[in-house]
Structures are given as structure tokens and as C-alpha cells.
Amino acid sequence: MQETVFVAASHMTPFMGAIATAGELLIYTGLAGLLVWILKGWGTRLLRISGRLLVGLGVFFLLSQAMWMSAGLQPSLDYEDAPAIGARFWILGLAFVLPGLFMRVVGALRPTY
């Protein structure tokens, strides 16, 4: 089992940066939807979809953290500009789940147009 997790980790790790960047873009998209929702009163679809995708992405990072730790690895995402600052997968997972839940709750306050 651990060998399978190790092989999956070695193949998946190069793509985690792109997945984290997609999560950042979803946060910005959700914030834009929130701004439109506050100012114009519409934009709940954008807010809800961004929230759903962020929750799913955050759960993916949390499950990846658990899977990597079960194989005895310490997963982190190193950035090219600052290689000493490594973001742990569980931190990224929570950074995506919490705003996603907020967007889902706020998006549910007003009906979808």
C-alpha cells in the first residue's frame, strides 16, 4: 500500500503547484462574484460555483496530505521565488475549504438569478 502511495506522490507532486494556482484563481473569481453580489445584487451563481470548486479542491489537498503522511512523507509545495517557504498541503486545503464554505453560505442567502 505504501509503495502505491509513494509512486502516486512522485507522479502527482509536480502538478500540485498548478492545482494550487487554480485554487487561487477560484478565490479571486469568488471575490469578484462577492463584489458583484454586494454592489449589484446578482452574481450568486459565480459565488456558488467558486465555493463548490474551492471546497472540492480543499478536500483534495487535505486527502493528499493524509495519503502522503500515511506513506511517511512530509508533503509541501515549494515556490520558485521563495523555496524556503513551503506550504503544507493541509494549510492549502484549509485555505481553500474555509473561503469556499463562506462563499457557499453567502451565495445561499439570495436566490440564484
# chains A, B, ... in the order shown; residues from 1 in each chain; ligands from 1
>>> residues_around(residues="region 52-68 of chain A", least_positions_apart="3", cutoff="8 Å", atoms="only C-alpha atoms", output="CSV table (one decimal) with C-alpha atoms, in the first residue's frame")
chain,number,residue,atom,x,y,z
A,5,VAL,CA,1.1,5.9,-2.3
A,6,PHE,CA,4.8,6.7,-2.9
A,9,ALA,CA,3.0,11.0,-4.7
A,23,GLY,CA,-7.4,27.4,-6.4
A,26,LEU,CA,-11.0,30.4,-7.9
A,27,ILE,CA,-10.6,32.6,-4.8
A,48,ARG,CA,-21.8,29.3,-5.5
A,49,ILE,CA,-19.8,27.7,-8.3
A,71,ALA,CA,3.4,6.8,3.3
A,72,GLY,CA,5.7,8.6,5.8
A,73,LEU,CA,6.3,11.6,3.6
A,74,GLN,CA,6.0,15.3,4.6
A,75,PRO,CA,4.4,17.0,1.7
A,88,ARG,CA,2.0,22.3,3.6
A,89,PHE,CA,-0.9,20.6,1.9
A,90,TRP,CA,-3.2,20.8,4.9
A,92,LEU,CA,-3.6,24.9,1.4
A,93,GLY,CA,-6.6,22.6,2.0
A,94,LEU,CA,-7.9,24.8,4.8
A,95,ALA,CA,-7.1,28.0,2.8
A,96,PHE,CA,-9.4,26.6,0.0
A,97,VAL,CA,-12.1,25.0,2.2
A,98,LEU,CA,-12.8,27.9,4.5
A,99,PRO,CA,-13.4,30.6,1.8
A,100,GLY,CA,-15.3,28.0,-0.2
A,101,LEU,CA,-17.7,27.4,2.6
A,104,ARG,CA,-21.4,28.8,-0.4
>>> residues_around(residues="Arg110 (chain A)", least_positions_apart="3", cutoff="12 Å", atoms="only C-alpha atoms", output="ChimeraX atom specification")
/A:34,37-38,41-45,47-48,103-107,113
>>> write_last_selection(atoms="C-alpha atoms", output="PDB file, in the first residue's frame")
ATOM      1  CA  LEU A  34     -18.979  38.568  -3.984  1.00  0.00           C
ATOM      2  CA  TRP A  37     -23.263  40.392  -5.386  1.00  0.00           C
ATOM      3  CA  ILE A  38     -22.802  43.221  -2.888  1.00  0.00           C
ATOM      4  CA  GLY A  41     -27.410  42.121  -6.224  1.00  0.00           C
ATOM      5  CA  TRP A  42     -26.630  39.369  -8.731  1.00  0.00           C
ATOM      6  CA  GLY A  43     -23.657  37.072  -9.180  1.00  0.00           C
ATOM      7  CA  THR A  44     -24.727  34.299  -6.847  1.00  0.00           C
ATOM      8  CA  ARG A  45     -24.077  31.611  -9.476  1.00  0.00           C
ATOM      9  CA  LEU A  47     -20.200  32.791  -5.988  1.00  0.00           C
ATOM     10  CA  ARG A  48     -21.760  29.342  -5.541  1.00  0.00           C
ATOM     11  CA  MET A 103     -18.910  31.627  -0.480  1.00  0.00           C
ATOM     12  CA  ARG A 104     -21.435  28.803  -0.351  1.00  0.00           C
ATOM     13  CA  VAL A 105     -23.170  30.294   2.699  1.00  0.00           C
ATOM     14  CA  VAL A 106     -23.232  33.823   1.286  1.00  0.00           C
ATOM     15  CA  GLY A 107     -24.390  32.517  -2.093  1.00  0.00           C
ATOM     16  CA  TYR A 113     -30.708  34.581 -10.974  1.00  0.00           C
TER      17      TYR A 113
END
>>> closest_residue(among="A:Leu77, A:Leu109, A:Ser70, A:Ile91", to="Met16 (chain A)", atoms="only C-alpha atoms")
A:Leu77
>>> closest_residue(among="A:Ala108, A:Thr13, A:Ser50, A:Lys40", to="Leu25 (chain A)", atoms="only C-alpha atoms")
A:Ser50
